[in-house]
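This is protein.csv (CSV, C-alpha atoms and all ligand atoms).
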```csv
chain,number,residue,atom,x,y,z
A,1,GLY,CA,0.0,0.0,0.0
A,2,PHE,CA,1.1,3.6,0.7
A,3,HIS,CA,4.9,3.8,0.9
A,4,GLY,CA,4.9,0.2,-0.2
A,5,THR,CA,7.7,0.7,-2.6
A,6,SER,CA,10.0,2.0,0.1
A,7,HIS,CA,8.9,-0.7,2.6
A,8,ARG,CA,9.6,-3.4,0.0
A,9,PHE,CA,13.0,-2.0,-0.8
A,10,ILE,CA,14.0,-1.8,2.9
A,11,ALA,CA,12.5,-5.2,3.7
A,12,GLY,CA,14.5,-6.8,0.9
A,13,ARG,CA,17.7,-5.0,1.9
A,14,SER,CA,17.3,-6.0,5.5
A,15,THR,CA,17.0,-9.6,4.5
A,16,GLU,CA,20.2,-9.3,2.4
A,17,ILE,CA,22.0,-7.9,5.5
A,18,LEU,CA,20.5,-10.1,8.2
A,19,GLY,CA,19.8,-13.3,6.4
A,20,ALA,CA,16.5,-15.2,6.0
A,21,GLY,CA,13.7,-15.7,8.6
A,22,LYS,CA,14.2,-12.4,10.5
A,23,LYS,CA,11.5,-10.2,12.1
A,24,VAL,CA,12.0,-6.6,11.1
A,25,ILE,CA,10.1,-3.3,11.7
A,26,VAL,CA,10.6,-0.8,8.9
A,27,CYS,CA,10.1,2.8,10.0
A,28,HIS,CA,9.5,5.0,7.0
A,29,LEU,CA,9.5,8.4,8.6
A,30,GLY,CA,9.0,11.4,6.2
A,31,ASN,CA,6.3,14.0,5.7
A,32,GLY,CA,4.0,10.9,5.4
A,33,SER,CA,5.1,8.2,7.8
A,34,SER,CA,4.3,4.5,8.2
A,35,LEU,CA,5.6,1.4,9.9
A,36,SER,CA,5.6,-2.2,8.5
A,37,ALA,CA,6.2,-5.4,10.3
A,38,CYS,CA,8.1,-7.8,8.1
A,39,VAL,CA,8.8,-11.5,8.6
A,40,ASN,CA,11.4,-13.0,6.3
A,41,GLY,CA,11.2,-9.9,4.0
A,42,LYS,CA,7.4,-10.1,3.7
A,43,CYS,CA,5.1,-7.5,5.1
A,44,VAL,CA,2.6,-8.9,7.7
A,45,ASP,CA,1.2,-5.7,9.0
A,46,THR,CA,1.4,-2.0,8.3
A,47,THR,CA,0.2,1.2,10.0
A,48,MET,CA,-1.4,2.5,6.7
A,49,GLY,CA,-5.0,1.6,6.1
A,50,ILE,CA,-7.5,2.0,3.2
A,51,THR,CA,-6.2,5.6,3.1
A,52,PRO,CA,-2.8,7.0,4.3
A,53,LEU,CA,-4.5,8.6,7.3
A,54,ASP,CA,-4.1,5.7,9.7
A,55,GLY,CA,-1.2,5.0,12.0
A,56,LEU,CA,1.5,7.5,13.0
A,57,VAL,CA,1.3,11.2,13.6
A,58,MET,CA,2.6,12.7,10.4
A,59,GLY,CA,3.4,16.1,8.8
A,60,THR,CA,-0.3,17.1,8.3
A,61,ARG,CA,-2.2,13.8,9.2
A,62,CYS,CA,-3.4,13.0,12.7
A,63,GLY,CA,-2.9,9.2,12.4
A,64,THR,CA,-5.0,6.8,14.4
A,65,LEU,CA,-7.9,8.2,16.4
A,66,ASP,CA,-11.1,7.0,18.0
A,67,PRO,CA,-13.4,6.7,14.9
A,68,ALA,CA,-16.1,8.3,16.9
A,69,CYS,CA,-14.0,11.6,16.8
A,70,VAL,CA,-15.3,12.2,13.2
A,71,GLU,CA,-18.9,12.4,14.4
A,72,PHE,CA,-18.0,14.3,17.5
A,73,ILE,CA,-16.0,17.0,15.7
A,74,ALA,CA,-18.6,17.2,12.9
A,75,ASN,CA,-21.3,17.9,15.5
A,76,THR,CA,-19.4,20.2,17.8
A,77,GLU,CA,-17.7,22.2,14.9
A,78,ASN,CA,-20.7,22.1,12.6
A,79,LYS,CA,-18.8,20.5,9.8
A,80,THR,CA,-19.5,17.7,7.3
A,81,VAL,CA,-17.8,14.4,7.5
A,82,THR,CA,-15.8,15.3,4.3
A,83,GLU,CA,-14.6,18.5,5.9
A,84,VAL,CA,-13.5,16.7,9.1
A,85,VAL,CA,-11.7,14.0,7.2
A,86,ASN,CA,-10.1,16.7,5.1
A,87,MET,CA,-9.0,18.5,8.3
A,88,MET,CA,-7.5,15.2,9.6
A,89,ASN,CA,-5.6,14.8,6.4
A,90,LYS,CA,-4.4,18.3,5.7
A,91,GLN,CA,-4.4,20.4,8.9
A,92,SER,CA,-3.5,17.9,11.6
A,93,GLY,CA,-0.3,16.1,12.7
A,94,LEU,CA,2.8,18.4,13.2
A,95,LEU,CA,1.0,21.2,11.4
A,96,GLY,CA,-2.0,21.1,13.7
A,97,LEU,CA,0.0,20.6,16.8
A,98,ALA,CA,2.9,22.9,16.3
A,99,GLY,CA,2.1,25.2,13.3
A,100,SER,CA,4.5,23.5,10.7
A,101,SER,CA,4.5,20.2,8.9
A,102,ASP,CA,8.2,20.4,8.4
A,103,MET,CA,10.1,18.4,11.1
A,104,ARG,CA,13.1,20.8,10.9
A,105,ASP,CA,10.9,23.8,11.8
A,106,VAL,CA,9.3,21.8,14.7
A,107,THR,CA,12.7,20.7,16.0
A,108,ALA,CA,14.1,24.2,15.8
A,109,ARG,CA,11.1,25.4,17.9
A,110,PHE,CA,11.5,22.6,20.3
A,111,ASP,CA,15.2,23.5,20.8
A,112,ALA,CA,14.0,27.1,21.6
A,113,GLY,CA,11.7,25.7,24.3
A,114,ASP,CA,8.4,26.0,22.5
A,115,LYS,CA,5.6,24.2,24.3
A,116,ASP,CA,3.6,23.2,21.2
A,117,ALA,CA,6.6,21.8,19.5
A,118,THR,CA,7.5,19.8,22.6
A,119,LEU,CA,4.0,18.3,22.7
A,120,ALA,CA,4.2,17.5,19.0
A,121,LEU,CA,7.5,15.7,19.3
A,122,ASP,CA,6.3,13.9,22.4
A,123,MET,CA,3.2,12.6,20.6
A,124,TRP,CA,5.2,11.8,17.5
A,125,ALA,CA,7.7,9.6,19.4
A,126,TYR,CA,5.1,8.1,21.8
A,127,THR,CA,3.0,6.8,18.9
A,128,LEU,CA,6.0,5.4,17.2
A,129,LYS,CA,7.2,3.6,20.3
A,130,LYS,CA,3.7,2.2,20.8
A,131,TYR,CA,3.6,0.7,17.3
A,132,ILE,CA,7.1,-0.7,17.6
A,133,GLY,CA,6.1,-2.5,20.8
A,134,SER,CA,2.8,-3.8,19.3
A,135,TYR,CA,4.5,-5.1,16.2
A,136,ALA,CA,7.1,-6.9,18.2
A,137,ALA,CA,4.3,-8.5,20.2
A,138,ALA,CA,2.4,-9.3,17.0
A,139,MET,CA,5.4,-10.9,15.4
A,140,GLY,CA,6.4,-12.8,18.6
A,141,GLY,CA,9.8,-11.2,18.6
A,142,LEU,CA,12.1,-8.7,16.9
A,143,ASP,CA,15.5,-8.9,15.2
A,144,ALA,CA,15.9,-5.4,13.8
A,145,ILE,CA,14.4,-2.0,13.3
A,146,VAL,CA,15.2,0.2,10.3
A,147,PHE,CA,14.9,4.0,10.0
A,148,THR,CA,14.4,5.4,6.6
A,149,ALA,CA,13.0,8.4,4.6
A,150,GLY,CA,13.6,12.2,5.3
A,151,ILE,CA,13.2,12.1,9.1
A,152,GLY,CA,14.3,8.5,9.7
A,153,GLU,CA,17.6,9.0,7.7
A,154,ASN,CA,18.5,12.5,8.9
A,155,ASP,CA,17.0,13.3,12.3
A,156,LYS,CA,19.4,11.9,14.9
A,157,ALA,CA,17.6,13.4,17.8
A,158,LEU,CA,14.4,11.7,16.9
A,159,ARG,CA,16.1,8.4,16.4
A,160,ARG,CA,17.6,8.8,19.9
A,161,ARG,CA,14.2,9.8,21.4
A,162,VAL,CA,12.4,6.8,19.8
A,163,CYS,CA,15.0,4.3,20.9
A,164,ALA,CA,15.3,5.6,24.4
A,165,GLU,CA,14.2,3.2,27.1
A,166,MET,CA,13.5,0.4,24.6
A,167,ASP,CA,16.1,-1.9,26.1
A,168,TYR,CA,13.3,-4.0,27.6
A,169,LEU,CA,12.7,-5.0,24.0
A,170,GLY,CA,16.4,-5.4,23.2
A,171,ILE,CA,16.7,-2.1,21.3
A,172,ALA,CA,19.8,0.0,22.3
A,173,ILE,CA,21.7,2.4,20.1
A,174,ASN,CA,25.3,3.5,20.0
A,175,GLU,CA,24.9,7.3,20.7
A,176,ASP,CA,28.2,8.1,19.0
A,177,LEU,CA,27.4,6.2,15.8
A,178,ASN,CA,23.8,7.7,15.8
A,179,GLU,CA,25.2,11.2,16.2
A,180,ASN,CA,28.3,11.1,14.0
A,181,GLY,CA,27.8,8.3,11.5
A,182,PRO,CA,28.0,9.4,7.9
A,183,ARG,CA,24.8,10.6,6.3
A,184,GLY,CA,23.3,9.1,3.1
A,185,GLN,CA,24.8,5.6,3.8
A,186,GLU,CA,23.7,2.4,5.4
A,187,LEU,CA,24.5,2.5,9.1
A,188,ASP,CA,24.3,0.0,11.8
A,189,ILE,CA,23.8,2.2,14.9
A,190,SER,CA,23.2,-0.7,17.4
A,191,ALA,CA,24.9,-0.6,20.7
A,192,GLU,CA,27.4,-3.4,21.2
A,193,GLY,CA,25.6,-6.5,22.3
A,194,ALA,CA,22.1,-5.2,21.6
A,195,ARG,CA,19.7,-8.1,21.0
A,196,VAL,CA,17.8,-6.1,18.4
A,197,LYS,CA,19.8,-4.4,15.6
A,198,THR,CA,19.1,-0.8,14.7
A,199,PHE,CA,19.9,0.3,11.1
A,200,VAL,CA,19.6,3.5,9.1
A,201,ILE,CA,19.1,2.6,5.5
A,202,PRO,CA,18.5,5.2,2.8
A,203,THR,CA,15.4,4.2,0.9
A,204,ASP,CA,15.5,3.8,-2.9
A,205,GLU,CA,12.0,3.8,-4.4
A,206,GLU,CA,13.4,4.6,-7.9
A,207,TYR,CA,15.4,1.4,-7.9
A,208,MET,CA,12.3,-0.6,-6.9
A,209,ILE,CA,10.3,1.1,-9.7
A,210,ALA,CA,13.0,0.4,-12.2
A,211,LEU,CA,13.2,-3.3,-11.1
A,212,ASP,CA,9.4,-3.7,-11.3
A,213,THR,CA,9.4,-2.1,-14.8
A,214,LYS,CA,12.1,-4.4,-15.9
A,215,ARG,CA,10.2,-7.4,-14.7
A,216,LEU,CA,7.0,-6.3,-16.5
A,217,VAL,CA,8.8,-5.5,-19.7
A,218,GLU,CA,10.5,-8.9,-19.7
A,219,LYS,CA,7.3,-10.8,-19.0
B,301,LIG,P1,10.3,13.0,3.0
B,301,LIG,O1,8.8,13.0,3.0
B,301,LIG,O2,10.8,11.6,3.1
B,301,LIG,O3,11.0,13.8,1.9
B,301,LIG,O4,10.7,13.7,4.4
B,301,LIG,C1,10.4,15.0,4.6
B,301,LIG,C2,10.6,15.3,6.1
B,301,LIG,O5,12.0,15.0,6.5
B,301,LIG,C3,10.3,16.7,6.6
B,301,LIG,O6,9.6,16.7,7.8
B,301,LIG,C4,11.7,17.3,6.8
B,301,LIG,O7,11.7,18.3,7.8
B,301,LIG,C5,12.5,16.0,7.3
B,301,LIG,N1,13.9,16.2,7.1
B,301,LIG,C6,14.6,16.2,6.0
B,301,LIG,N2,15.9,16.5,6.3
B,301,LIG,C7,16.0,16.5,7.6
B,301,LIG,C8,17.1,16.8,8.6
B,301,LIG,N3,18.3,17.0,8.1
B,301,LIG,N4,16.8,16.8,9.9
B,301,LIG,C9,15.6,16.6,10.3
B,301,LIG,N5,14.5,16.4,9.5
B,301,LIG,C10,14.7,16.4,8.2
```

Could you render the structure from this file as structure tokens?
Amino acid sequence: GFHGTSHRFIAGRSTEILGAGKKVIVCHLGNGSSLSACVNGKCVDTTMGITPLDGLVMGTRCGTLDPACVEFIANTENKTVTEVVNMMNKQSGLLGLAGSSDMRDVTARFDAGDKDATLALDMWAYTLKKYIGSYAAAMGGLDAIVFTAGIGENDKALRRRVCAEMDYLGIAINEDLNENGPRGQELDISAEGARVKTFVIPTDEEYMIALDTKRLVEK
């Protein structure tokens, strides 16, 4: 589904790195964000639903909510269902919470002590941690998590925040590698001896599209 090309690339690359049969959570974190739970390179669950609104807090999307919120907001704000869903897609997430959909702006405001930005980052990381824990439970274990896309590949502070206090699950990162590892390359940022590997892998959707096109043309 949504971000499927990226998830497929990262799931495939993780299998090449780790070998067959592993349980991996792919964290595609960009303006749109999604997680997938992959067993042996195959996606068994994803945070995206019939539309990309489900799951994580994103740049402008709210992510998972009580479905009854739609009716509640429609009634209290005198809006149609279409208007509420539009609001949830285009005016929510980081934009609704902190006034900008761009993580770099929100982070700069957080660094300056802004309360709304602090709430937005707390919610963003909390949701992500919650899904990582639930996918580990659903798969009955976890071998690796992979960060990818604009935020996942570049935002060291958010990777640190998401991986903090996750040692109960076996996730622990090497702070120095996370902070100073080269950008734009595959990185293993796991702490020595961590039960679960943590990688940063640049996604390559263009490569997957080219590969799929080649397969179709050669059929
Ligand atoms: P994408 O949709 O994958 O292009 O990712 C866009 C998101 O990545 C935006 O929220 C950007 O603010 C964020 N992003 C890109 N570069 C960086 C960076 N160096 N540090 C933090 N966030 C970044």

Determine, using only C-alpha atoms, which residues of stretch 98-191 of chain A have any atom at most 10 Å from an atom of stretch 55-73 of chain A, and tabulate each with its shortest atom pair and distance in Å to one decimal place, rows ordered by chain and then rising number, as a Markdown table.
```
| residue | atom | partner | partner_atom | distance |
| --- | --- | --- | --- | --- |
| A:Gly99 | CA | A:Thr60 | CA | 9.8 |
| A:Ser100 | CA | A:Gly59 | CA | 7.7 |
| A:Ser101 | CA | A:Gly59 | CA | 4.2 |
| A:Asp102 | CA | A:Gly59 | CA | 6.5 |
| A:Met103 | CA | A:Gly59 | CA | 7.4 |
| A:Ala120 | CA | A:Val57 | CA | 8.8 |
| A:Leu121 | CA | A:Val57 | CA | 9.5 |
| A:Met123 | CA | A:Val57 | CA | 7.4 |
| A:Trp124 | CA | A:Val57 | CA | 5.5 |
| A:Ala125 | CA | A:Val57 | CA | 8.8 |
| A:Tyr126 | CA | A:Leu56 | CA | 9.5 |
| A:Thr127 | CA | A:Leu56 | CA | 6.1 |
| A:Leu128 | CA | A:Leu56 | CA | 6.5 |
| A:Lys130 | CA | A:Leu56 | CA | 9.7 |
| A:Tyr131 | CA | A:Leu56 | CA | 8.3 |
```

Pull the closest atom pair for each residue of chain A that gets at most 8 Å from ligand LIG 301 (chain B), along with the distance in Å to one decimal, counting all atoms listed in the file, ordering rows by chain and then ascending residue number, as a Markdown table.
```
| residue | atom | partner | partner_atom | distance |
| --- | --- | --- | --- | --- |
| A:His28 | CA | B:LIG301 | O2 | 7.8 |
| A:Leu29 | CA | B:LIG301 | O2 | 6.5 |
| A:Gly30 | CA | B:LIG301 | O4 | 3.4 |
| A:Asn31 | CA | B:LIG301 | O1 | 3.8 |
| A:Gly32 | CA | B:LIG301 | O1 | 5.8 |
| A:Ser33 | CA | B:LIG301 | O1 | 7.7 |
| A:Gly59 | CA | B:LIG301 | O6 | 6.3 |
| A:Ser101 | CA | B:LIG301 | O6 | 6.3 |
| A:Asp102 | CA | B:LIG301 | O6 | 4.0 |
| A:Met103 | CA | B:LIG301 | O7 | 3.7 |
| A:Arg104 | CA | B:LIG301 | O7 | 4.2 |
| A:Asp105 | CA | B:LIG301 | O7 | 6.8 |
| A:Thr107 | CA | B:LIG301 | C9 | 7.6 |
| A:Thr148 | CA | B:LIG301 | O2 | 8.0 |
| A:Ala149 | CA | B:LIG301 | O2 | 4.2 |
| A:Gly150 | CA | B:LIG301 | O4 | 3.4 |
| A:Ile151 | CA | B:LIG301 | O5 | 4.1 |
| A:Gly152 | CA | B:LIG301 | O5 | 7.6 |
| A:Glu153 | CA | B:LIG301 | C7 | 7.7 |
| A:Asn154 | CA | B:LIG301 | C8 | 4.5 |
| A:Asp155 | CA | B:LIG301 | C9 | 4.1 |
| A:Lys156 | CA | B:LIG301 | N4 | 7.5 |
```

(Q) I need the residue nearest A:Asn86 from this list: A:Ala191, A:Val196, A:Leu53, A:Leu216. Use all atoms listed in the file for the distance. (A) A:Leu53

Q) With distances taken over all atoms listed in the file, which of A:Ala108, A:Ile201, A:Ile50, A:Met88 is nearest to A:Cys27? A)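 The shortest atom-to-atom distance to A:Cys27 comes from A:Ile201.
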
Q | For atom CA of A:Thr51 and atom CA of A:Pro202, the interatomic separation in Å (one decimal) | A |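 Between atom CA of A:Thr51 and atom CA of A:Pro202 the gap works out to 24.7 Å.
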
Per residue of stretch 109-208 of chain A within 9 Å of stretch 41-49 of chain A, what are the shortest atom pair and its distance in Å to one decimal, counting all atoms listed in the file, with rows by chain and residue number, as CSV?
```
residue,atom,partner,partner_atom,distance
A:Tyr131,CA,A:Thr47,CA,8.1
A:Tyr135,CA,A:Asp45,CA,7.9
A:Ala138,CA,A:Asp45,CA,8.9
A:Met139,CA,A:Val44,CA,8.4
```

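Taking atom CA of A:Ile25 and atom CA of A:Asp116 as endpoints, the distance between them is 28.9 Å.
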
Q.
Env of A:Ser6: 7 Å cut, atoms = only C-alpha atoms, seq-sep filter 5 positions within chain, self excluded. Answer as a VMD selection string.
A. chain A and resid 203 to 205
